[in-house]
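Just my_file_8.txt here, compact mmCIF, C-alpha atoms and all ligand atoms:
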# COMPACT_ATOMS: atom_id res chain seq x y z
CA MET A 228 10.29 63.55 -103.57
CA THR A 229 11.13 60.16 -105.07
CA ALA A 230 13.89 58.08 -103.50
CA PRO A 231 17.23 58.19 -105.33
CA GLN A 232 17.93 55.39 -107.80
CA PRO A 233 20.25 53.02 -105.93
CA LEU A 234 23.84 52.57 -107.04
CA ILE A 235 25.71 49.32 -106.39
CA ALA A 236 29.40 49.85 -107.08
CA GLY A 237 32.15 47.25 -106.82
CA ASN A 238 35.57 48.44 -105.71
CA TRP A 239 38.12 45.89 -106.81
CA LYS A 240 40.97 47.79 -105.09
CA MET A 241 44.39 46.37 -106.12
CA ASN A 242 42.94 43.06 -107.27
CA GLY A 243 42.48 41.65 -110.73
CA LEU A 244 44.48 40.82 -113.84
CA THR A 245 43.22 40.68 -117.41
CA ALA A 246 41.85 37.19 -116.68
CA SER A 247 39.44 38.83 -114.19
CA LEU A 248 37.61 40.56 -117.05
CA ALA A 249 35.63 37.31 -117.21
CA GLU A 250 34.10 38.18 -113.80
CA ALA A 251 32.99 41.55 -115.14
CA ARG A 252 31.45 39.87 -118.17
CA ALA A 253 29.65 37.44 -115.87
CA VAL A 254 28.22 40.39 -113.92
CA ALA A 255 26.94 41.98 -117.13
CA GLU A 256 25.41 38.69 -118.23
CA GLY A 257 23.71 38.04 -114.90
CA VAL A 258 22.56 41.51 -113.94
CA GLY A 259 19.06 41.15 -115.39
CA ALA A 260 16.25 43.50 -114.44
CA THR A 261 17.19 45.68 -111.50
CA ARG A 262 16.19 49.11 -110.31
CA ALA A 263 19.83 49.77 -109.38
CA ARG A 264 22.61 51.28 -111.42
CA VAL A 265 25.56 48.90 -111.34
CA ALA A 266 29.23 49.81 -111.63
CA ILE A 267 32.59 48.09 -111.34
CA CYS A 268 35.72 50.05 -110.41
CA PRO A 269 38.72 47.88 -111.37
CA PRO A 270 42.40 48.85 -111.17
CA ALA A 271 43.06 51.66 -113.66
CA VAL A 272 45.01 49.46 -116.06
CA LEU A 273 41.93 47.29 -116.65
CA ILE A 274 39.47 50.14 -117.30
CA HIS A 275 40.00 50.36 -121.05
CA GLN A 276 39.49 46.65 -121.68
CA MET A 277 36.63 46.41 -119.21
CA ALA A 278 34.83 49.38 -120.74
CA ASP A 279 35.14 47.70 -124.14
CA ALA A 280 33.97 44.35 -122.76
CA LEU A 281 30.94 45.94 -121.05
CA ALA A 282 29.97 48.32 -123.86
CA GLY A 283 26.29 47.94 -124.64
CA THR A 284 25.55 46.38 -121.22
CA PRO A 285 24.02 48.27 -118.28
CA VAL A 286 27.18 47.84 -116.17
CA LEU A 287 29.23 51.02 -115.86
CA VAL A 288 32.98 51.20 -115.29
CA GLY A 289 34.67 53.53 -112.81
CA GLY A 290 38.09 54.45 -111.46
CA GLN A 291 39.25 54.18 -107.85
CA ASP A 292 41.01 57.54 -107.64
CA SER A 293 42.11 60.40 -109.89
CA HIS A 294 44.44 63.37 -109.51
CA GLU A 295 43.29 66.94 -108.91
CA GLU A 296 45.40 68.31 -111.77
CA GLU A 297 44.60 67.71 -115.44
CA ALA A 298 48.16 66.83 -116.46
CA GLY A 299 51.73 67.41 -115.43
CA ALA A 300 54.76 66.07 -113.61
CA PHE A 301 53.02 63.70 -111.18
CA THR A 302 54.82 60.40 -111.60
CA GLY A 303 52.54 57.42 -111.22
CA ASP A 304 49.32 59.43 -110.99
CA ILE A 305 46.31 59.37 -113.29
CA SER A 306 44.07 62.30 -114.20
CA ALA A 307 40.30 62.24 -114.36
CA ALA A 308 40.45 63.04 -118.08
CA MET A 309 42.61 59.94 -118.62
CA LEU A 310 40.04 57.75 -116.86
CA ALA A 311 37.22 59.25 -118.90
CA ASP A 312 39.25 58.86 -122.09
CA VAL A 313 39.46 55.07 -121.69
CA GLY A 314 35.80 54.62 -120.81
CA ALA A 315 35.32 55.29 -117.09
CA ARG A 316 32.05 57.02 -116.20
CA LEU A 317 32.47 57.27 -112.44
CA VAL A 318 35.33 57.63 -109.98
CA ILE A 319 35.68 56.81 -106.29
CA LEU A 320 37.32 59.70 -104.44
CA GLY A 321 38.47 60.06 -100.83
CA HIS A 322 38.39 56.35 -100.03
CA SER A 323 39.66 55.82 -96.48
CA GLU A 324 42.58 53.76 -97.83
CA ARG A 325 43.66 56.89 -99.76
CA ARG A 326 42.93 59.22 -96.86
CA ALA A 327 44.98 57.04 -94.47
CA GLY A 328 47.67 55.67 -96.79
CA TYR A 329 48.28 58.79 -98.91
CA ARG A 330 47.27 61.45 -96.40
CA GLU A 331 44.48 62.81 -98.56
CA THR A 332 42.74 65.63 -96.75
CA ASP A 333 39.16 66.81 -97.22
CA GLY A 334 40.51 69.79 -99.17
CA ARG A 335 42.43 67.59 -101.56
CA VAL A 336 39.45 65.29 -102.05
CA ALA A 337 37.33 68.36 -102.86
CA ARG A 338 39.86 69.44 -105.50
CA LYS A 339 39.81 65.95 -106.98
CA VAL A 340 36.01 66.15 -107.15
CA VAL A 341 36.21 69.40 -109.11
CA ALA A 342 38.72 67.85 -111.55
CA ALA A 343 36.53 64.76 -111.95
CA LEU A 344 33.48 66.89 -112.77
CA ARG A 345 35.52 68.84 -115.31
CA ALA A 346 36.36 65.52 -117.01
CA GLY A 347 32.71 64.49 -117.03
CA LEU A 348 33.09 61.77 -114.37
CA GLU A 349 30.48 61.07 -111.70
CA PRO A 350 32.17 61.16 -108.29
CA ILE A 351 31.49 58.69 -105.47
CA VAL A 352 32.85 60.57 -102.46
CA CYS A 353 33.77 58.41 -99.46
CA VAL A 354 33.57 59.39 -95.81
CA GLY A 355 33.80 57.40 -92.58
CA GLU A 356 35.06 57.41 -89.02
CA THR A 357 37.74 55.26 -87.38
CA LEU A 358 36.96 52.95 -84.47
CA GLU A 359 38.68 55.35 -82.04
CA GLU A 360 36.51 58.20 -83.28
CA ARG A 361 33.36 56.10 -82.87
CA LYS A 362 34.37 54.98 -79.38
CA ALA A 363 35.00 58.60 -78.44
CA GLY A 364 31.46 59.52 -79.54
CA GLN A 365 32.78 61.62 -82.43
CA ALA A 366 31.49 59.58 -85.39
CA LEU A 367 28.69 61.96 -86.40
CA ALA A 368 30.86 65.06 -86.06
CA VAL A 369 33.77 63.50 -87.98
CA VAL A 370 31.64 62.24 -90.85
CA THR A 371 29.48 65.34 -91.28
CA GLY A 372 32.70 67.36 -91.16
CA GLN A 373 34.14 65.21 -93.96
CA VAL A 374 30.96 65.71 -95.98
CA ARG A 375 31.23 69.49 -95.61
CA GLY A 376 34.95 69.52 -96.41
CA SER A 377 35.07 67.01 -99.26
CA LEU A 378 32.05 68.08 -101.30
CA PRO A 379 32.69 71.35 -103.16
CA SER A 380 29.84 73.67 -104.19
CA GLU A 381 30.66 72.81 -107.84
CA LEU A 382 28.77 69.53 -107.33
CA ALA A 383 25.45 71.38 -107.43
CA GLY A 384 23.49 70.23 -110.48
CA HIS A 385 25.78 67.24 -111.12
CA ARG A 386 25.11 63.56 -110.53
CA PHE A 387 27.18 62.24 -107.63
CA SER A 388 26.91 60.00 -104.60
CA VAL A 389 28.34 59.83 -101.09
CA ALA A 390 29.57 56.54 -99.63
CA TYR A 391 29.54 56.14 -95.84
CA GLU A 392 32.25 53.62 -95.04
CA PRO A 393 33.17 53.24 -91.37
CA VAL A 394 36.92 52.53 -91.50
CA TRP A 395 36.57 49.75 -88.91
CA ALA A 396 33.99 47.94 -91.07
CA ILE A 397 36.11 47.80 -94.22
CA GLY A 398 37.44 44.32 -94.94
CA THR A 399 36.85 43.23 -91.33
CA GLY A 400 33.50 41.43 -91.55
CA LEU A 401 32.20 43.87 -88.91
CA THR A 402 29.27 46.16 -89.70
CA PRO A 403 27.45 48.82 -87.70
CA THR A 404 23.93 47.95 -86.54
CA THR A 405 21.10 49.01 -88.82
CA PRO A 406 20.07 51.84 -86.42
CA GLU A 407 23.69 53.07 -86.42
CA ILE A 408 23.75 53.08 -90.23
CA GLU A 409 20.42 54.92 -90.35
CA GLU A 410 21.52 57.51 -87.80
CA MET A 411 24.63 58.27 -89.85
CA HIS A 412 22.86 58.30 -93.22
CA ARG A 413 20.21 60.71 -91.87
CA ALA A 414 22.95 62.99 -90.60
CA ILE A 415 24.70 62.88 -93.99
CA ARG A 416 21.38 63.64 -95.74
CA ALA A 417 20.77 66.63 -93.47
CA THR A 418 24.28 67.93 -94.17
CA LEU A 419 23.82 67.49 -97.93
CA VAL A 420 20.51 69.37 -97.86
CA GLU A 421 22.13 72.10 -95.79
CA SER A 422 24.88 72.48 -98.41
CA PHE A 423 23.01 71.88 -101.66
CA GLY A 424 19.35 72.51 -100.87
CA PRO A 425 16.37 70.18 -101.38
CA ALA A 426 17.79 68.80 -104.67
CA ALA A 427 20.29 66.91 -102.49
CA ARG A 428 17.48 64.53 -101.50
CA ALA A 429 18.10 62.78 -104.85
CA VAL A 430 21.77 62.05 -104.03
CA PRO A 431 22.24 58.34 -103.24
CA ILE A 432 24.03 57.75 -99.94
CA LEU A 433 25.78 54.38 -100.26
CA TYR A 434 26.84 52.22 -97.36
CA GLY A 435 30.22 50.46 -97.62
CA GLY A 436 32.13 48.14 -95.32
CA SER A 437 31.77 44.34 -95.29
CA VAL A 438 28.63 44.30 -97.45
CA LYS A 439 28.01 40.71 -98.54
CA PRO A 440 25.13 38.64 -99.88
CA SER A 441 24.03 37.67 -96.35
CA ASN A 442 23.65 41.23 -95.03
CA ALA A 443 22.89 43.19 -98.21
CA GLU A 444 19.12 42.94 -98.01
CA GLU A 445 18.90 44.35 -94.50
CA ILE A 446 21.45 47.11 -95.16
CA LEU A 447 19.89 48.16 -98.47
CA ALA A 448 16.43 48.32 -96.89
CA ALA A 449 17.62 50.72 -94.18
CA ASP A 450 16.34 54.28 -94.16
CA GLU A 451 18.43 56.64 -96.36
CA VAL A 452 20.63 53.85 -97.71
CA GLY A 453 20.74 54.38 -101.46
CA GLY A 454 23.08 51.62 -102.50
CA ALA A 455 26.37 49.99 -101.58
CA LEU A 456 30.08 50.30 -102.23
CA VAL A 457 31.33 46.74 -102.15
CA GLY A 458 34.97 45.67 -101.81
CA GLY A 459 35.80 42.01 -101.22
CA ALA A 460 32.39 40.67 -102.23
CA SER A 461 32.58 42.44 -105.60
CA LEU A 462 35.46 40.25 -106.78
CA LYS A 463 33.22 37.25 -107.38
CA ALA A 464 30.42 37.79 -109.90
CA SER A 465 27.98 35.52 -108.05
CA ASP A 466 28.40 37.41 -104.75
CA PHE A 467 28.22 40.81 -106.41
CA LEU A 468 25.11 39.80 -108.35
CA ALA A 469 23.44 38.61 -105.14
CA ILE A 470 24.05 42.09 -103.66
CA VAL A 471 22.64 43.76 -106.80
CA LYS A 472 19.59 41.54 -106.48
CA ALA A 473 19.11 42.61 -102.88
CA ALA A 474 18.70 46.19 -104.14
CA GLY A 475 15.47 45.09 -105.86
P1 LIG B 501 34.84 45.69 -98.11
O1 LIG B 501 35.41 47.09 -98.69
O2 LIG B 501 33.48 45.48 -98.76
O3 LIG B 501 35.84 44.66 -98.54
O4 LIG B 501 34.72 45.84 -96.63
C1 LIG B 501 34.56 48.17 -98.93
C2 LIG B 501 35.35 49.35 -99.47
O5 LIG B 501 36.47 49.59 -99.01
O6 LIG B 501 34.88 50.06 -100.38
Take the structure from the file and write it as structure tokens.
Ligand code: PGA
Amino acid sequence: MTAPQPLIAGNWKMNGLTASLAEARAVAEGVGATRARVAICPPAVLIHQMADALAGTPVLVGGQDSHEEEAGAFTGDISAAMLADVGARLVILGHSERRAGYRETDGRVARKVVAALRAGLEPIVCVGETLEERKAGQALAVVTGQVRGSLPSELAGHRFSVAYEPVWAIGTGLTPTTPEIEEMHRAIRATLVESFGPAARAVPILYGGSVKPSNAEEILAADEVGGALVGGASLKASDFLAIVKAAG
């Protein structure tokens, strides 16, 4: 079975104004030959313009979240169909900042995944343990539980990825050791194969949490690491491109 094609996705979080579209253009101009798929997930209000700016380039545009309903009285929320309508191809779902800050449960994330698939979006489903959970020796159980609870059976046959993002590694500069990353990614792979059968070997399992140019090569070379979800280092085109380059 061939290894999954890596995905390097930038998560801009709540950063970026229209002037930042220049960074996205610089990524598209510098991306060159790579075996990775490359995506940028800007704030929702920038998706339309970014999708237009990157049309005809290999760089894909994604959202950072979408609602589980198609439409309705949900003030401030955005549906998956709306993201797709303005040019998004992917969507991050279940990011730990949404799980913690908006109390998104595995069940809700799973419903969002179903809605995203219905809109034709490719989900990037995030999982990850807190520092307390790791210290208590529960990291593997927590994360494999999130994988089981957040990935609905509807994903079978669709293109999607899972992002392992230890909460304590996000935005902190801390990263797990390579053996710790590999242990977790193997456990996620086993859980995916259990749920979706051997076809799940083609699902990229991204690592996220303080990925930067200086550690990208080692992380991306680790067993079962099929790409990266990059926060802070995706805001500068030169840093993000260095990470893409590390994917080969
Ligand atoms: P970071 O964020 O790269 O800034 O740690 C990663 C993420 O939250 O996706």
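Restricting the calculation to all atoms listed in the file, the smallest distance between Asp279 of chain A and any of A:Ile235, A:Ala429, A:Ala251, A:Ala260 is found for A:Ala251.
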Would you pick out the contacts of Ile267 of chain A at 12 Å or less, using all atoms listed in the file, so that residues sharing its chain but fewer than 5 positions from it are not included, and give the list as JSON, numbers by chain?
{"A": [234, 235, 236, 237, 238, 239, 240, 243, 247, 248, 250, 251, 252, 253, 254, 255, 273, 274, 277, 278, 281, 285, 286, 287, 288, 289, 290, 291, 314, 315, 316, 317, 318, 319, 455, 456, 457, 458, 460, 461, 462, 463, 464, 467, 468, 471]}
Output for the residues just chosen: C-alpha atoms as a short mmCIF file (atom, residue, chain, number, x, y, z; two decimals), in the coordinates of the input:
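Listed below is the output, again.cif:
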data_model
loop_
_atom_site.label_atom_id
_atom_site.label_comp_id
_atom_site.auth_asym_id
_atom_site.auth_seq_id
_atom_site.Cartn_x
_atom_site.Cartn_y
_atom_site.Cartn_z
CA LEU A 234 23.84 52.57 -107.04
CA ILE A 235 25.71 49.32 -106.39
CA ALA A 236 29.40 49.85 -107.08
CA GLY A 237 32.15 47.25 -106.82
CA ASN A 238 35.57 48.44 -105.71
CA TRP A 239 38.12 45.89 -106.81
CA LYS A 240 40.97 47.79 -105.09
CA GLY A 243 42.48 41.65 -110.73
CA SER A 247 39.44 38.83 -114.19
CA LEU A 248 37.61 40.56 -117.05
CA GLU A 250 34.10 38.18 -113.80
CA ALA A 251 32.99 41.55 -115.14
CA ARG A 252 31.45 39.87 -118.17
CA ALA A 253 29.65 37.44 -115.87
CA VAL A 254 28.22 40.39 -113.92
CA ALA A 255 26.94 41.98 -117.13
CA LEU A 273 41.93 47.29 -116.65
CA ILE A 274 39.47 50.14 -117.30
CA MET A 277 36.63 46.41 -119.21
CA ALA A 278 34.83 49.38 -120.74
CA LEU A 281 30.94 45.94 -121.05
CA PRO A 285 24.02 48.27 -118.28
CA VAL A 286 27.18 47.84 -116.17
CA LEU A 287 29.23 51.02 -115.86
CA VAL A 288 32.98 51.20 -115.29
CA GLY A 289 34.67 53.53 -112.81
CA GLY A 290 38.09 54.45 -111.46
CA GLN A 291 39.25 54.18 -107.85
CA GLY A 314 35.80 54.62 -120.81
CA ALA A 315 35.32 55.29 -117.09
CA ARG A 316 32.05 57.02 -116.20
CA LEU A 317 32.47 57.27 -112.44
CA VAL A 318 35.33 57.63 -109.98
CA ILE A 319 35.68 56.81 -106.29
CA ALA A 455 26.37 49.99 -101.58
CA LEU A 456 30.08 50.30 -102.23
CA VAL A 457 31.33 46.74 -102.15
CA GLY A 458 34.97 45.67 -101.81
CA ALA A 460 32.39 40.67 -102.23
CA SER A 461 32.58 42.44 -105.60
CA LEU A 462 35.46 40.25 -106.78
CA LYS A 463 33.22 37.25 -107.38
CA ALA A 464 30.42 37.79 -109.90
CA PHE A 467 28.22 40.81 -106.41
CA LEU A 468 25.11 39.80 -108.35
CA VAL A 471 22.64 43.76 -106.80
#
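Nearest to ligand LIG 501 (chain B) of all the residues A:Leu433, A:Val340, A:Ala396, A:Ala417 is A:Ala396, based on only C-alpha atoms and all ligand atoms.
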How many Å lie between atom CA of Glu410 of chain A and atom CA of Val389 of chain A, rounded to one decimal?
15.1 Å
Around all the atoms of segment 411-425 of chain A listed in the file, draw an axis-aligned box and extend it by 8 Å on each of the six sides; I want its centre and edge lengths in Å to one decimal, as JSON.
{"center_x": 20.6, "center_y": 65.4, "center_z": -95.8, "size_x": 24.5, "size_y": 30.2, "size_z": 27.8}
Neighbours of Arg345 of chain A within 10 Å (all atoms listed in the file; same-chain residues fewer than 5 positions away dropped), as number ranges by chain?
A: 297, 307-308, 339-340, 381
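Around Leu447 of chain A, within 8 Å and counting all atoms listed in the file, the residues found are Gly453, Gly454, Ala455, Ala473 and Ala474 of chain A, once anything fewer than 6 positions away on its own chain is removed.
Considering only C-alpha atoms and all ligand atoms, the residue among A:Leu320, A:Val420, A:Val313, A:Ala448 positioned nearest to ligand LIG 501 (chain B) is A:Leu320.
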Only C-alpha atoms, as a PDB file, in the first residue's frame: that is what I want for segment 393-462 of chain A.
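So result_31.pdb came out as:
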ATOM      1  CA  PRO A 393      -1.510  17.785  21.459  1.00  0.00           C
ATOM      2  CA  VAL A 394      -3.216  20.761  23.133  1.00  0.00           C
ATOM      3  CA  TRP A 395      -0.068  21.532  25.151  1.00  0.00           C
ATOM      4  CA  ALA A 396       2.016  21.804  21.968  1.00  0.00           C
ATOM      5  CA  ILE A 397      -0.205  24.357  20.232  1.00  0.00           C
ATOM      6  CA  GLY A 398       1.335  27.818  20.145  1.00  0.00           C
ATOM      7  CA  THR A 399       3.729  26.951  22.989  1.00  0.00           C
ATOM      8  CA  GLY A 400       6.923  26.053  21.125  1.00  0.00           C
ATOM      9  CA  LEU A 401       6.799  22.650  22.868  1.00  0.00           C
ATOM     10  CA  THR A 402       6.553  19.458  20.826  1.00  0.00           C
ATOM     11  CA  PRO A 403       6.345  15.793  21.769  1.00  0.00           C
ATOM     12  CA  THR A 404       9.434  13.683  21.061  1.00  0.00           C
ATOM     13  CA  THR A 405       9.510  11.890  17.725  1.00  0.00           C
ATOM     14  CA  PRO A 406       8.856   8.491  19.407  1.00  0.00           C
ATOM     15  CA  GLU A 407       5.849  10.019  21.195  1.00  0.00           C
ATOM     16  CA  ILE A 408       4.489  11.349  17.890  1.00  0.00           C
ATOM     17  CA  GLU A 409       5.028   7.967  16.224  1.00  0.00           C
ATOM     18  CA  GLU A 410       3.369   6.072  19.056  1.00  0.00           C
ATOM     19  CA  MET A 411       0.287   8.286  18.793  1.00  0.00           C
ATOM     20  CA  HIS A 412       0.129   8.252  14.997  1.00  0.00           C
ATOM     21  CA  ARG A 413       0.364   4.432  14.957  1.00  0.00           C
ATOM     22  CA  ALA A 414      -2.469   4.248  17.461  1.00  0.00           C
ATOM     23  CA  ILE A 415      -4.573   6.616  15.342  1.00  0.00           C
ATOM     24  CA  ARG A 416      -3.814   4.531  12.225  1.00  0.00           C
ATOM     25  CA  ALA A 417      -4.869   1.340  14.004  1.00  0.00           C
ATOM     26  CA  THR A 418      -8.113   2.988  15.122  1.00  0.00           C
ATOM     27  CA  LEU A 419      -8.827   4.261  11.597  1.00  0.00           C
ATOM     28  CA  VAL A 420      -8.249   0.802  10.109  1.00  0.00           C
ATOM     29  CA  GLU A 421     -10.488  -0.694  12.782  1.00  0.00           C
ATOM     30  CA  SER A 422     -13.269   1.740  11.835  1.00  0.00           C
ATOM     31  CA  PHE A 423     -12.867   2.029   8.067  1.00  0.00           C
ATOM     32  CA  GLY A 424     -10.930  -1.060   7.009  1.00  0.00           C
ATOM     33  CA  PRO A 425      -7.660  -1.257   5.049  1.00  0.00           C
ATOM     34  CA  ALA A 426      -8.609   1.728   2.820  1.00  0.00           C
ATOM     35  CA  ALA A 427      -7.917   3.898   5.880  1.00  0.00           C
ATOM     36  CA  ARG A 428      -4.188   3.332   5.327  1.00  0.00           C
ATOM     37  CA  ALA A 429      -4.424   6.058   2.645  1.00  0.00           C
ATOM     38  CA  VAL A 430      -5.741   8.672   5.114  1.00  0.00           C
ATOM     39  CA  PRO A 431      -3.012  11.223   5.932  1.00  0.00           C
ATOM     40  CA  ILE A 432      -2.471  11.676   9.667  1.00  0.00           C
ATOM     41  CA  LEU A 433      -1.124  15.202  10.132  1.00  0.00           C
ATOM     42  CA  TYR A 434       0.852  16.380  13.123  1.00  0.00           C
ATOM     43  CA  GLY A 435       0.095  19.856  14.484  1.00  0.00           C
ATOM     44  CA  GLY A 436       1.479  21.899  17.352  1.00  0.00           C
ATOM     45  CA  SER A 437       4.503  24.223  17.095  1.00  0.00           C
ATOM     46  CA  VAL A 438       5.603  22.930  13.690  1.00  0.00           C
ATOM     47  CA  LYS A 439       8.229  25.325  12.332  1.00  0.00           C
ATOM     48  CA  PRO A 440      10.971  25.302   9.705  1.00  0.00           C
ATOM     49  CA  SER A 441      13.543  24.043  12.232  1.00  0.00           C
ATOM     50  CA  ASN A 442      11.603  20.932  13.302  1.00  0.00           C
ATOM     51  CA  ALA A 443       9.504  20.191  10.207  1.00  0.00           C
ATOM     52  CA  GLU A 444      11.949  17.824   8.550  1.00  0.00           C
ATOM     53  CA  GLU A 445      12.259  15.539  11.562  1.00  0.00           C
ATOM     54  CA  ILE A 446       8.517  15.561  12.293  1.00  0.00           C
ATOM     55  CA  LEU A 447       7.499  14.954   8.678  1.00  0.00           C
ATOM     56  CA  ALA A 448       9.950  12.048   8.385  1.00  0.00           C
ATOM     57  CA  ALA A 449       8.425  10.285  11.403  1.00  0.00           C
ATOM     58  CA  ASP A 450       6.551   7.031  10.898  1.00  0.00           C
ATOM     59  CA  GLU A 451       2.846   7.547  10.050  1.00  0.00           C
ATOM     60  CA  VAL A 452       3.152  11.329   9.861  1.00  0.00           C
ATOM     61  CA  GLY A 453       1.394  12.321   6.648  1.00  0.00           C
ATOM     62  CA  GLY A 454       1.707  16.065   6.790  1.00  0.00           C
ATOM     63  CA  ALA A 455       1.307  19.003   9.142  1.00  0.00           C
ATOM     64  CA  LEU A 456      -1.303  21.437  10.380  1.00  0.00           C
ATOM     65  CA  VAL A 457       0.614  24.643  10.953  1.00  0.00           C
ATOM     66  CA  GLY A 458      -0.596  27.623  12.983  1.00  0.00           C
ATOM     67  CA  GLY A 459       1.810  30.444  13.792  1.00  0.00           C
ATOM     68  CA  ALA A 460       4.436  29.467  11.224  1.00  0.00           C
ATOM     69  CA  SER A 461       1.855  29.535   8.415  1.00  0.00           C
ATOM     70  CA  LEU A 462       1.383  33.300   8.711  1.00  0.00           C
TER      71      LEU A 462
END
